[in-house]
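Below is entry.csv, holding CSV, C-alpha atoms.
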```csv
chain,number,residue,atom,x,y,z
A,1,MET,CA,35.2,-15.3,48.9
A,2,SER,CA,32.3,-15.2,46.3
A,3,ALA,CA,32.6,-14.0,42.7
A,4,VAL,CA,30.3,-11.1,43.7
A,5,GLY,CA,32.7,-9.8,46.1
A,6,PHE,CA,35.6,-9.6,43.7
A,7,HIS,CA,34.0,-8.7,40.4
A,8,GLY,CA,30.8,-6.8,41.2
A,9,ARG,CA,27.2,-7.9,41.3
A,10,HIS,CA,25.5,-10.9,39.6
A,11,LEU,CA,23.9,-10.4,36.3
A,12,THR,CA,20.2,-9.3,36.5
A,13,SER,CA,17.6,-11.5,34.7
A,14,GLU,CA,17.4,-8.7,32.1
A,15,GLU,CA,21.1,-9.0,31.4
A,16,ILE,CA,20.9,-12.8,31.2
A,17,VAL,CA,18.0,-12.7,28.7
A,18,ALA,CA,19.9,-10.0,26.7
A,19,ARG,CA,22.9,-12.2,26.5
A,20,VAL,CA,20.9,-15.0,24.9
A,21,PHE,CA,18.4,-12.9,22.9
A,22,PRO,CA,20.4,-9.8,22.1
A,23,VAL,CA,18.6,-6.9,20.5
A,24,HIS,CA,21.6,-5.6,18.7
A,25,GLU,CA,23.7,-7.4,16.1
A,26,GLY,CA,27.2,-8.7,16.6
A,27,ALA,CA,28.9,-10.2,19.6
A,28,LEU,CA,28.3,-8.6,22.9
A,29,PRO,CA,31.3,-7.9,25.2
A,30,VAL,CA,31.4,-10.4,28.0
A,31,PRO,CA,31.2,-8.7,31.4
A,32,LEU,CA,34.1,-9.5,33.6
A,33,HIS,CA,31.8,-10.9,36.3
A,34,LEU,CA,30.3,-13.4,33.9
A,35,SER,CA,33.7,-14.8,33.0
A,36,VAL,CA,34.4,-15.7,36.6
A,37,CYS,CA,30.9,-16.4,38.1
A,38,PRO,CA,29.8,-20.0,37.7
A,39,GLU,CA,26.4,-19.1,39.0
A,40,CYS,CA,25.7,-16.5,36.3
A,41,GLN,CA,27.3,-18.8,33.7
A,42,GLU,CA,24.9,-21.5,34.7
A,43,LYS,CA,21.9,-19.2,34.3
A,44,VAL,CA,22.9,-18.0,30.9
A,45,GLY,CA,23.8,-21.5,29.8
A,46,ARG,CA,20.5,-22.9,30.9
A,47,LEU,CA,18.5,-20.3,29.0
A,48,ARG,CA,20.6,-20.7,25.9
A,49,GLU,CA,20.2,-24.5,26.1
A,50,ALA,CA,16.4,-24.2,26.4
A,51,TRP,CA,16.3,-21.9,23.4
A,52,LEU,CA,18.4,-24.3,21.4
A,53,LEU,CA,16.2,-27.1,22.5
A,54,ASP,CA,13.2,-25.2,21.1
A,55,LYS,CA,15.0,-24.3,18.0
A,56,GLY,CA,16.1,-27.9,17.6
A,57,ALA,CA,12.6,-29.1,18.1
A,58,VAL,CA,11.4,-27.0,15.2
A,59,ALA,CA,14.2,-28.3,13.0
A,60,GLY,CA,13.3,-31.8,14.1
A,61,VAL,CA,9.7,-31.5,13.1
A,62,LEU,CA,10.8,-30.3,9.7
A,63,GLU,CA,13.3,-33.0,9.2
A,64,GLU,CA,10.7,-35.6,10.0
A,65,ILE,CA,8.3,-34.5,7.4
A,66,PRO,CA,8.3,-37.1,4.6
A,67,PRO,CA,9.1,-36.0,1.1
A,68,GLY,CA,5.6,-37.0,-0.1
A,69,PHE,CA,4.2,-34.2,2.1
A,70,TRP,CA,6.0,-31.5,0.1
A,71,ALA,CA,4.9,-33.0,-3.2
A,72,GLN,CA,1.3,-33.2,-2.1
A,73,GLN,CA,1.4,-29.6,-0.8
A,74,ARG,CA,2.9,-28.4,-4.1
A,75,GLN,CA,0.2,-30.3,-6.0
A,76,SER,CA,-2.5,-28.7,-3.9
A,77,VAL,CA,-1.1,-25.2,-4.3
A,78,LEU,CA,-0.8,-25.6,-8.1
A,79,SER,CA,-4.3,-26.9,-8.4
A,80,ARG,CA,-5.6,-23.9,-6.5
A,81,VAL,CA,-3.4,-21.7,-8.6
A,82,GLN,CA,-4.9,-23.2,-11.8
A,83,ASP,CA,-8.4,-22.5,-10.5
A,84,GLU,CA,-7.4,-18.9,-9.8
A,85,ALA,CA,-5.9,-18.5,-13.2
A,86,GLY,CA,-9.2,-19.8,-14.7
A,87,LYS,CA,-11.2,-17.4,-12.7
A,88,ALA,CA,-8.9,-14.5,-13.7
A,89,ALA,CA,-9.3,-15.4,-17.4
A,90,GLY,CA,-13.0,-15.1,-17.1
A,91,LEU,CA,-13.8,-18.7,-17.9
A,92,ALA,CA,-16.8,-18.6,-15.6
A,93,PRO,CA,-20.1,-18.3,-17.5
A,94,PHE,CA,-21.6,-14.8,-17.7
A,95,PRO,CA,-24.4,-15.1,-15.2
A,96,LEU,CA,-22.0,-16.6,-12.7
A,97,ARG,CA,-19.5,-13.8,-13.2
A,98,TRP,CA,-22.2,-11.2,-12.8
A,99,THR,CA,-23.6,-12.8,-9.7
A,100,ALA,CA,-20.1,-13.0,-8.2
A,101,ARG,CA,-19.5,-9.3,-8.9
A,102,ALA,CA,-22.9,-8.4,-7.5
A,103,VAL,CA,-22.2,-10.4,-4.3
A,104,ARG,CA,-18.8,-8.8,-4.0
A,105,ARG,CA,-20.0,-5.3,-4.5
A,106,PRO,CA,-23.7,-5.2,-3.7
A,107,ALA,CA,-23.9,-1.4,-3.5
A,108,ILE,CA,-22.5,-0.9,-6.9
A,109,ALA,CA,-24.8,-3.6,-8.4
A,110,ALA,CA,-27.9,-2.1,-6.8
A,111,ALA,CA,-27.0,1.4,-8.0
A,112,SER,CA,-26.4,0.1,-11.6
A,113,LEU,CA,-29.7,-1.7,-11.6
A,114,ALA,CA,-31.5,1.4,-10.3
A,115,ALA,CA,-29.9,3.6,-12.9
A,116,ALA,CA,-30.8,1.3,-15.7
A,117,MET,CA,-34.4,1.1,-14.5
A,118,ALA,CA,-34.6,5.0,-14.3
A,119,LEU,CA,-33.3,5.2,-17.9
A,120,VAL,CA,-35.9,2.8,-19.2
A,121,ALA,CA,-38.7,4.6,-17.3
A,122,GLY,CA,-37.5,8.0,-18.6
A,123,ILE,CA,-37.5,6.8,-22.2
A,124,SER,CA,-40.9,5.2,-22.0
A,125,VAL,CA,-42.5,8.4,-20.4
A,126,PHE,CA,-41.0,10.9,-22.8
A,127,TRP,CA,-41.2,8.9,-26.0
A,128,PRO,CA,-43.7,10.8,-28.4
A,129,HIS,CA,-46.6,8.3,-28.6
A,130,GLY,CA,-49.1,8.4,-31.6
A,131,THR,CA,-47.5,11.3,-33.5
A,132,PRO,CA,-47.5,10.5,-37.2
A,133,VAL,CA,-44.0,10.6,-38.6
A,134,ALA,CA,-44.6,11.1,-42.3
A,135,PRO,CA,-46.6,14.3,-42.2
A,136,ALA,CA,-44.0,15.9,-40.0
A,137,VAL,CA,-41.4,15.3,-42.6
A,138,SER,CA,-43.7,16.5,-45.5
A,139,THR,CA,-44.7,19.6,-43.6
A,140,ALA,CA,-41.2,20.7,-43.3
A,141,ALA,CA,-40.5,20.1,-47.0
A,142,ALA,CA,-43.8,21.7,-48.3
A,143,PRO,CA,-42.7,25.4,-48.6
A,144,ARG,CA,-39.7,24.4,-50.6
A,145,ALA,CA,-41.8,22.3,-52.9
A,146,ALA,CA,-44.3,25.1,-53.4
A,147,ALA,CA,-41.6,27.6,-54.1
A,148,SER,CA,-40.1,25.3,-56.7
A,149,ARG,CA,-43.5,24.8,-58.3
A,150,ASP,CA,-44.0,28.6,-58.6
A,151,LEU,CA,-40.5,29.1,-60.1
A,152,VAL,CA,-41.2,26.5,-62.8
A,153,SER,CA,-44.6,28.0,-63.7
A,154,MET,CA,-43.1,31.5,-64.1
A,155,VAL,CA,-40.4,30.2,-66.4
A,156,ASP,CA,-43.1,28.5,-68.5
A,157,VAL,CA,-45.1,31.7,-68.8
A,158,ARG,CA,-42.1,33.6,-70.0
A,159,ASP,CA,-41.3,30.9,-72.6
A,160,ASP,CA,-44.9,31.0,-73.8
A,161,GLU,CA,-44.8,34.8,-74.1
A,162,LEU,CA,-41.5,34.7,-76.0
A,163,LEU,CA,-42.8,32.0,-78.4
A,164,ARG,CA,-45.9,34.0,-79.0
A,165,GLY,CA,-43.9,37.1,-79.7
A,166,VAL,CA,-41.7,35.2,-82.3
A,167,ASP,CA,-44.8,33.9,-84.0
A,168,GLN,CA,-46.3,37.3,-84.2
A,169,SER,CA,-43.2,38.8,-85.6
A,170,LEU,CA,-42.9,36.1,-88.2
A,171,SER,CA,-46.5,36.6,-89.4
A,172,GLU,CA,-46.3,40.4,-89.5
A,173,ASP,CA,-42.8,41.0,-90.9
A,174,VAL,CA,-42.6,40.2,-94.7
A,175,SER,CA,-38.8,40.2,-94.9
A,176,PHE,CA,-38.6,37.0,-92.7
A,177,ARG,CA,-41.0,35.0,-94.9
A,178,PRO,CA,-38.5,33.4,-97.3
A,179,LEU,CA,-36.6,32.0,-94.3
A,180,ILE,CA,-39.6,30.1,-93.0
A,181,PRO,CA,-39.9,26.5,-94.4
A,182,GLU,CA,-43.0,25.8,-96.4
A,183,GLU,CA,-44.4,23.2,-93.9
A,184,VAL,CA,-44.3,25.8,-91.2
B,1,MET,CA,60.4,-14.2,-26.9
B,2,PRO,CA,61.6,-11.6,-24.6
B,3,GLU,CA,59.3,-9.9,-22.1
B,4,PRO,CA,58.3,-6.4,-23.0
B,5,GLU,CA,60.0,-3.7,-21.0
B,6,ASN,CA,58.0,-2.1,-18.3
B,7,LEU,CA,57.8,1.5,-19.5
B,8,SER,CA,55.3,2.8,-17.1
B,9,GLY,CA,57.5,2.4,-14.1
B,10,GLU,CA,54.6,0.8,-12.1
B,11,GLU,CA,55.0,-2.4,-10.2
B,12,PRO,CA,54.2,-5.4,-12.6
B,13,ARG,CA,50.8,-6.8,-12.0
B,14,ASP,CA,50.1,-10.3,-11.2
B,15,THR,CA,49.3,-12.2,-14.4
B,16,LYS,CA,46.0,-13.3,-12.8
B,17,ASP,CA,43.5,-10.5,-13.0
B,18,THR,CA,42.0,-10.3,-9.6
B,19,ARG,CA,39.1,-8.1,-10.8
B,20,ARG,CA,37.7,-11.0,-12.7
B,21,ALA,CA,37.8,-13.3,-9.7
B,22,PRO,CA,35.1,-12.1,-7.3
B,23,GLY,CA,35.3,-13.1,-3.7
B,24,PRO,CA,32.6,-15.3,-2.1
B,25,ALA,CA,30.5,-12.3,-0.9
B,26,GLN,CA,30.6,-10.7,-4.3
B,27,ALA,CA,29.9,-14.0,-6.0
B,28,GLY,CA,26.9,-14.4,-3.7
B,29,ARG,CA,25.6,-10.9,-4.6
B,30,ILE,CA,26.1,-11.7,-8.3
B,31,GLY,CA,24.3,-15.0,-7.8
B,32,ASN,CA,21.4,-13.2,-6.1
B,33,LEU,CA,21.1,-10.7,-8.9
B,34,VAL,CA,21.1,-13.5,-11.5
B,35,GLU,CA,18.5,-15.3,-9.6
B,36,ARG,CA,16.3,-12.2,-9.2
B,37,ALA,CA,16.6,-11.5,-13.0
B,38,ARG,CA,15.6,-15.1,-13.7
B,39,GLU,CA,12.7,-14.9,-11.3
B,40,ALA,CA,11.6,-11.6,-12.8
B,41,ALA,CA,11.5,-13.2,-16.2
B,42,LEU,CA,9.5,-16.2,-14.9
B,43,ILE,CA,7.0,-13.8,-13.2
B,44,GLU,CA,6.6,-12.0,-16.5
B,45,ARG,CA,5.8,-15.3,-18.3
B,46,ILE,CA,3.4,-16.3,-15.6
B,47,ARG,CA,1.6,-13.0,-15.9
B,48,ARG,CA,1.2,-13.7,-19.6
B,49,GLY,CA,-0.5,-17.0,-18.9
B,50,GLU,CA,2.2,-19.6,-18.4
B,51,VAL,CA,0.7,-20.6,-15.0
B,52,ASP,CA,2.6,-23.8,-14.8
B,53,LEU,CA,5.9,-21.9,-14.2
B,54,PHE,CA,4.6,-20.9,-10.8
B,55,GLU,CA,5.7,-24.4,-9.7
B,56,HIS,CA,9.3,-23.1,-9.6
B,57,PHE,CA,8.4,-20.7,-6.9
B,58,VAL,CA,6.5,-23.2,-4.9
B,59,ARG,CA,9.3,-25.8,-5.1
B,60,THR,CA,12.0,-23.2,-4.2
B,61,TYR,CA,10.3,-21.6,-1.3
B,62,GLN,CA,7.7,-24.0,0.2
B,63,LYS,CA,10.0,-25.4,2.9
B,64,ARG,CA,11.2,-21.9,3.9
B,65,VAL,CA,7.7,-20.6,4.2
B,66,PHE,CA,6.5,-23.7,6.0
B,67,ARG,CA,9.4,-23.5,8.5
B,68,LEU,CA,8.7,-19.8,9.3
B,69,VAL,CA,4.9,-20.4,9.6
B,70,TYR,CA,5.5,-23.5,11.7
B,71,THR,CA,7.9,-21.7,14.0
B,72,LEU,CA,5.2,-19.0,14.5
B,73,VAL,CA,2.2,-21.2,15.0
B,74,ARG,CA,3.7,-24.5,16.1
B,75,ASP,CA,1.0,-26.6,14.5
B,76,ALA,CA,1.9,-28.6,11.5
B,77,SER,CA,-1.6,-28.8,10.1
B,78,GLU,CA,-2.2,-25.1,10.4
B,79,ALA,CA,1.3,-24.4,9.0
B,80,ASP,CA,0.4,-26.5,6.0
B,81,SER,CA,-2.8,-24.7,5.2
B,82,THR,CA,-1.3,-21.3,5.9
B,83,THR,CA,1.6,-22.1,3.6
B,84,GLN,CA,-0.8,-23.1,0.8
B,85,ASP,CA,-2.7,-19.9,1.3
B,86,VAL,CA,0.5,-17.9,1.2
B,87,PHE,CA,1.4,-19.2,-2.3
B,88,VAL,CA,-2.1,-18.7,-3.6
B,89,LYS,CA,-2.1,-15.2,-2.3
B,90,ALA,CA,1.3,-14.7,-3.9
B,91,PHE,CA,0.0,-15.9,-7.2
B,92,LYS,CA,-3.0,-13.7,-7.1
B,93,GLY,CA,-0.7,-10.7,-6.2
B,94,LEU,CA,1.9,-11.4,-8.9
B,95,ARG,CA,0.3,-8.6,-11.0
B,96,ASP,CA,1.2,-6.2,-8.2
B,97,PHE,CA,4.7,-7.5,-7.6
B,98,LYS,CA,7.0,-4.8,-8.8
B,99,GLY,CA,10.2,-6.6,-8.2
B,100,GLU,CA,11.6,-3.9,-5.9
B,101,ALA,CA,12.2,-6.6,-3.3
B,102,ALA,CA,13.3,-10.2,-3.9
B,103,PHE,CA,10.5,-12.7,-4.3
B,104,GLU,CA,11.7,-14.4,-1.1
B,105,THR,CA,11.3,-11.2,0.8
B,106,TRP,CA,7.9,-10.6,-0.7
B,107,ILE,CA,6.6,-14.1,0.0
B,108,THR,CA,8.0,-13.9,3.6
B,109,ARG,CA,6.0,-10.7,4.1
B,110,ILE,CA,2.9,-12.5,2.8
B,111,ALA,CA,3.5,-15.3,5.2
B,112,ILE,CA,4.0,-13.0,8.2
B,113,ASN,CA,0.8,-11.2,7.4
B,114,SER,CA,-1.1,-14.4,6.9
B,115,VAL,CA,0.0,-15.7,10.2
B,116,ARG,CA,-0.9,-12.4,11.9
B,117,ASP,CA,-4.3,-12.5,10.3
B,118,GLY,CA,-4.8,-16.1,11.5
B,119,ILE,CA,-3.7,-15.2,15.0
B,120,ARG,CA,-6.1,-12.2,15.1
B,121,ARG,CA,-9.0,-14.4,14.0
B,122,LYS,CA,-8.3,-17.0,16.6
B,123,LYS,CA,-7.8,-14.8,19.6
B,124,PRO,CA,-8.1,-15.3,22.5
B,125,ALA,CA,-7.3,-19.0,21.8
B,126,VAL,CA,-3.6,-19.8,22.1
B,127,ALA,CA,-2.3,-19.7,18.6
B,128,PHE,CA,0.8,-21.6,19.5
B,129,GLY,CA,-1.4,-24.7,19.9
B,130,ASP,CA,0.2,-26.9,22.4
B,131,LEU,CA,3.5,-25.2,21.7
B,132,GLY,CA,4.8,-28.0,19.6
B,133,GLY,CA,4.5,-30.5,22.4
B,134,LEU,CA,6.6,-28.5,24.8
B,135,ASP,CA,5.8,-30.9,27.5
B,136,GLY,CA,8.2,-33.3,26.0
B,137,GLY,CA,6.1,-35.2,23.5
B,138,ASP,CA,7.9,-34.1,20.3
B,139,GLU,CA,10.9,-35.5,18.8
B,140,ILE,CA,14.1,-33.6,19.3
B,141,PRO,CA,17.3,-34.3,17.3
B,142,ALA,CA,19.9,-35.8,19.5
B,143,ALA,CA,22.3,-32.9,18.9
B,144,PHE,CA,19.8,-30.5,20.4
B,145,ASP,CA,18.6,-32.7,23.2
B,146,PRO,CA,20.2,-31.6,26.4
B,147,GLY,CA,19.1,-34.9,28.0
B,148,ASP,CA,22.3,-36.4,26.8
B,149,GLY,CA,25.0,-36.2,29.4
B,150,THR,CA,22.9,-33.9,31.7
B,151,SER,CA,21.1,-34.6,34.9
B,152,PRO,CA,17.4,-35.3,34.8
B,153,GLU,CA,16.8,-32.2,36.9
B,154,ARG,CA,18.7,-30.0,34.5
B,155,ASP,CA,16.8,-31.7,31.6
B,156,LEU,CA,13.5,-30.9,33.3
B,157,LEU,CA,14.5,-27.3,33.9
B,158,SER,CA,15.5,-26.9,30.3
B,159,ARG,CA,12.2,-28.1,29.2
B,160,GLU,CA,10.5,-25.9,31.6
B,161,ILE,CA,12.4,-22.9,30.4
B,162,ARG,CA,11.6,-23.8,26.8
B,163,LYS,CA,7.9,-23.9,27.7
B,164,ARG,CA,8.3,-20.5,29.2
B,165,ILE,CA,9.9,-19.2,26.0
B,166,GLY,CA,6.9,-20.5,24.1
B,167,LEU,CA,4.4,-18.9,26.5
B,168,ALA,CA,6.3,-15.6,26.3
B,169,LEU,CA,6.0,-15.7,22.6
B,170,VAL,CA,2.2,-16.3,22.9
B,171,ASP,CA,2.0,-13.2,25.0
B,172,LEU,CA,3.6,-11.1,22.2
B,173,SER,CA,1.7,-9.3,19.6
B,174,PRO,CA,1.8,-11.0,16.2
B,175,ARG,CA,4.3,-8.5,14.9
B,176,GLN,CA,6.6,-8.8,17.9
B,177,ARG,CA,6.4,-12.5,17.6
B,178,ALA,CA,7.3,-12.4,13.9
B,179,VAL,CA,10.2,-10.1,14.6
B,180,PHE,CA,11.5,-12.3,17.4
B,181,VAL,CA,11.2,-15.5,15.5
B,182,MET,CA,12.9,-14.0,12.4
B,183,LYS,CA,15.8,-12.7,14.5
B,184,HIS,CA,16.4,-15.6,16.8
B,185,TYR,CA,15.1,-18.6,14.9
B,186,GLU,CA,15.5,-17.7,11.3
B,187,GLU,CA,18.7,-15.7,12.1
B,188,LYS,CA,17.8,-12.8,9.9
B,189,SER,CA,19.5,-9.4,10.3
B,190,ILE,CA,17.7,-6.4,11.6
B,191,ALA,CA,17.8,-4.9,8.1
B,192,GLU,CA,16.3,-8.0,6.6
B,193,ILE,CA,13.6,-8.1,9.2
B,194,GLY,CA,12.9,-4.4,8.5
B,195,GLU,CA,12.6,-5.1,4.8
B,196,VAL,CA,10.1,-8.0,5.3
B,197,THR,CA,8.0,-6.3,7.9
B,198,GLY,CA,8.2,-2.8,6.5
B,199,LEU,CA,9.4,-1.4,9.9
B,200,ASP,CA,12.4,0.8,10.4
B,201,GLU,CA,15.4,-0.7,12.3
B,202,GLY,CA,14.6,1.2,15.5
B,203,THR,CA,11.1,-0.2,15.6
B,204,VAL,CA,12.4,-3.7,14.9
B,205,LYS,CA,14.8,-3.3,17.9
B,206,SER,CA,12.0,-2.0,20.0
B,207,HIS,CA,9.9,-5.1,19.3
B,208,LEU,CA,12.9,-7.3,20.1
B,209,PHE,CA,13.5,-5.4,23.3
B,210,ARG,CA,9.8,-5.9,24.4
B,211,ALA,CA,9.9,-9.6,23.5
B,212,ALA,CA,13.0,-10.0,25.7
B,213,ARG,CA,11.3,-8.2,28.5
B,214,LYS,CA,8.3,-10.5,28.2
B,215,LEU,CA,10.6,-13.4,28.3
B,216,ARG,CA,12.3,-12.1,31.4
B,217,GLU,CA,8.9,-11.8,33.1
B,218,ARG,CA,8.1,-15.3,32.2
B,219,LEU,CA,11.4,-16.6,33.6
B,220,GLU,CA,11.5,-14.5,36.7
B,221,ASP,CA,10.3,-17.1,39.1
B,222,LEU,CA,12.8,-19.7,37.9
B,223,ARG,CA,15.8,-17.7,39.0
```
Structure rendered as structure tokens:
Amino acid sequence: MSAVGFHGRHLTSEEIVARVFPVHEGALPVPLHLSVCPECQEKVGRLREAWLLDKGAVAGVLEEIPPGFWAQQRQSVLSRVQDEAGKAAGLAPFPLRWTARAVRRPAIAAASLAAAMALVAGISVFWPHGTPVAPAVSTAAAPRAAASRDLVSMVDVRDDELLRGVDQSLSEDVSFRPLIPEEV
Amino acid sequence: MPEPENLSGEEPRDTKDTRRAPGPAQAGRIGNLVERAREAALIERIRRGEVDLFEHFVRTYQKRVFRLVYTLVRDASEADSTTQDVFVKAFKGLRDFKGEAAFETWITRIAINSVRDGIRRKKPAVAFGDLGGLDGGDEIPAAFDPGDGTSPERDLLSREIRKRIGLALVDLSPRQRAVFVMKHYEEKSIAEIGEVTGLDEGTVKSHLFRAARKLRERLEDLR
């Protein structure tokens, strides 16, 4: 009598694959049928063997790589890394950096250029051409200067009047005469 | 000198303090933490301009990255150039590396993404190349070669099944392929795969399930 008869059906292909490539972690419980059915054992064994063959082939390729390959790969990586570090430090000359940025972000570069041109155009249009600078300054200061001149002249007038008054008093009042020096 | 009397009434402890002797798992965790701290310090120095120190990372991880990339693309030349690109990308991205994951996890993520980008660029060409010489041209270590002690028919069938496994992997999306390879070739746990790919565990399992179904479809006629 076959194994199927005593211990249920054969494993489906899905179950066979799941035994070799389980989705869940940990050991799967072995179905009773698998433990007694050579046919199912053979199928699971073949698949596992093929998978190990593939896994082993990958390992074999890696084992065969000569040590020089790794050193060369490392050297190549480090050389590229040094280049990147140089770029990051901004060792590239200015026009090269600017060009690189413009190429990377053409929209931003074009917008910046347009804004700069608009600014220059605006300044050149609204700049006050031909207006003399000096008179503008003197015009503003003129009232102050005139006022100051008036103030000085009024003080002088008052001084003159005072001096004249003193002279007059001295010449008219006899009691002050002895106090005046002879030269005066 | 007489032993001091045990006044506490507790069982006397073993003279050897077991708290100071971590088990292998704990020692492994401590070792990982020390290594991560060391790498974090190195990364900081590289960021400050000591670029030569990056060699430590290349030397430590180049074989692991190459193996993963090779398992995914099955072309040594492409695996070499992709591995180099991975390290250059890692260097350029060091500024953004926050140290939340281990450097190995981070660089594995870069490798997976690089392979995925490469596969997308090359579609619809078969990214597996010639599937690593699946027709029997490649060298297989004797321990893995079922040709020893097996019949030629069985050997042939094993090679055929292996070819089908490769073809099934080609059919998978780049992410499914990466998940499958990490689980069954790199022997990573579901949690580790989730960390590398940024997927939750349920999604990782879903990818594995789909990969297994694809494989079953490829093997159907061999039954």
Within 12 Å of Gly99 in chain B, counting all atoms listed in the file, which residues qualify if same-chain residues fewer than 2 places away don't, as a JSON list (two decimals) with C-alpha atoms, in the frame of the given file?
```json
[["chain", "number", "residue", "atom", "x", "y", "z"],
["B", 33, "LEU", "CA", 21.10, -10.70, -8.90],
["B", 36, "ARG", "CA", 16.30, -12.20, -9.20],
["B", 37, "ALA", "CA", 16.60, -11.50, -13.00],
["B", 38, "ARG", "CA", 15.60, -15.10, -13.70],
["B", 39, "GLU", "CA", 12.70, -14.90, -11.30],
["B", 40, "ALA", "CA", 11.60, -11.60, -12.80],
["B", 41, "ALA", "CA", 11.50, -13.20, -16.20],
["B", 42, "LEU", "CA", 9.50, -16.20, -14.90],
["B", 43, "ILE", "CA", 7.00, -13.80, -13.20],
["B", 44, "GLU", "CA", 6.60, -12.00, -16.50],
["B", 93, "GLY", "CA", -0.70, -10.70, -6.20],
["B", 94, "LEU", "CA", 1.90, -11.40, -8.90],
["B", 95, "ARG", "CA", 0.30, -8.60, -11.00],
["B", 96, "ASP", "CA", 1.20, -6.20, -8.20],
["B", 97, "PHE", "CA", 4.70, -7.50, -7.60],
["B", 101, "ALA", "CA", 12.20, -6.60, -3.30],
["B", 102, "ALA", "CA", 13.30, -10.20, -3.90],
["B", 103, "PHE", "CA", 10.50, -12.70, -4.30],
["B", 104, "GLU", "CA", 11.70, -14.40, -1.10],
["B", 105, "THR", "CA", 11.30, -11.20, 0.80],
["B", 106, "TRP", "CA", 7.90, -10.60, -0.70],
["B", 107, "ILE", "CA", 6.60, -14.10, 0.00]]
```
Considering only C-alpha atoms, tabulate each residue of range 166-209 of chain B that lies at most 10 Å from range 25-30 of chain A along with its nearest interatomic pair and the corresponding distance in Å to one decimal; arrange the rows by chain and ascending residue number and present them as CSV.
```
residue,atom,partner,partner_atom,distance
B:Lys183,CA,A:Glu25,CA,9.6
B:Ser189,CA,A:Glu25,CA,7.4
B:Ile190,CA,A:Glu25,CA,7.6
B:Lys205,CA,A:Glu25,CA,10.0
```
**OP:** Rounded to one decimal place, report the CA of Arg67 in chain B-CA of Gln75 in chain A distance in Å.
**Re:**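 It comes out at 18.5 Å.
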Original post:
Suppose you want the space between CA of Glu217 in chain B and CA of Glu160 in chain B; what is it in Å?
Top reply: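 Result for CA of Glu217 in chain B versus CA of Glu160 in chain B: 14.3 Å, one decimal.
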Residues of chain A within 10 Å of chain B: nearest atom pair and distance (Å, one decimal) for each, counting all atoms listed in the file, sorted by chain and number, as a Markdown table?
```
| residue | atom | partner | partner_atom | distance |
| --- | --- | --- | --- | --- |
| A:Thr12 | CA | B:Arg223 | CA | 9.8 |
| A:Ser13 | CA | B:Arg216 | CA | 6.3 |
| A:Glu14 | CA | B:Arg216 | CA | 6.2 |
| A:Glu15 | CA | B:Arg216 | CA | 9.3 |
| A:Ile16 | CA | B:Arg216 | CA | 8.6 |
| A:Val17 | CA | B:Arg216 | CA | 6.3 |
| A:Ala18 | CA | B:Ala212 | CA | 7.0 |
| A:Val20 | CA | B:His184 | CA | 9.3 |
| A:Phe21 | CA | B:Ala212 | CA | 6.7 |
| A:Pro22 | CA | B:Leu208 | CA | 8.2 |
| A:Val23 | CA | B:Leu208 | CA | 5.7 |
| A:His24 | CA | B:Lys205 | CA | 7.2 |
| A:Glu25 | CA | B:Ser189 | CA | 7.4 |
| A:Gly26 | CA | B:Ser189 | CA | 10.0 |
| A:Lys43 | CA | B:Arg223 | CA | 7.8 |
| A:Gly45 | CA | B:Ser158 | CA | 9.9 |
| A:Arg46 | CA | B:Ser158 | CA | 6.4 |
| A:Leu47 | CA | B:Ile161 | CA | 6.8 |
| A:Arg48 | CA | B:Ser158 | CA | 9.2 |
| A:Glu49 | CA | B:Ser158 | CA | 6.7 |
| A:Ala50 | CA | B:Ser158 | CA | 4.8 |
| A:Trp51 | CA | B:Arg162 | CA | 6.1 |
| A:Leu52 | CA | B:Phe144 | CA | 6.4 |
| A:Leu53 | CA | B:Phe144 | CA | 5.4 |
| A:Asp54 | CA | B:Arg162 | CA | 6.1 |
| A:Lys55 | CA | B:Tyr185 | CA | 6.5 |
| A:Gly56 | CA | B:Phe144 | CA | 5.3 |
| A:Ala57 | CA | B:Ile140 | CA | 4.9 |
| A:Val58 | CA | B:Thr71 | CA | 6.5 |
| A:Ala59 | CA | B:Pro141 | CA | 8.0 |
| A:Gly60 | CA | B:Ile140 | CA | 5.6 |
| A:Val61 | CA | B:Glu139 | CA | 7.1 |
| A:Leu62 | CA | B:Arg67 | CA | 7.0 |
| A:Glu63 | CA | B:Pro141 | CA | 9.1 |
| A:Glu64 | CA | B:Glu139 | CA | 8.8 |
| A:Ile65 | CA | B:Ala76 | CA | 9.6 |
| A:Phe69 | CA | B:Asp80 | CA | 9.4 |
| A:Trp70 | CA | B:Gln62 | CA | 7.7 |
| A:Ala71 | CA | B:Arg59 | CA | 8.6 |
| A:Gln73 | CA | B:Gln84 | CA | 7.0 |
| A:Arg74 | CA | B:Val58 | CA | 6.4 |
| A:Gln75 | CA | B:Glu55 | CA | 8.9 |
| A:Ser76 | CA | B:Gln84 | CA | 7.5 |
| A:Val77 | CA | B:Gln84 | CA | 5.5 |
| A:Leu78 | CA | B:Glu55 | CA | 6.8 |
| A:Ser79 | CA | B:Val88 | CA | 9.8 |
| A:Arg80 | CA | B:Val88 | CA | 6.9 |
| A:Val81 | CA | B:Val88 | CA | 6.0 |
| A:Gln82 | CA | B:Val51 | CA | 7.0 |
| A:Glu84 | CA | B:Lys92 | CA | 7.3 |
| A:Ala85 | CA | B:Val51 | CA | 7.2 |
| A:Gly86 | CA | B:Val51 | CA | 9.9 |
| A:Ala88 | CA | B:Lys92 | CA | 8.9 |
| A:Ala89 | CA | B:Gly49 | CA | 9.1 |
```
Original post:
Mind pulling up the distance from CA of Ser169 in chain A to CA of Val155 in chain A?
Top reply: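 Calculated distance between CA of Val155 in chain A and CA of Ser169 in chain A is 21.2 Å.
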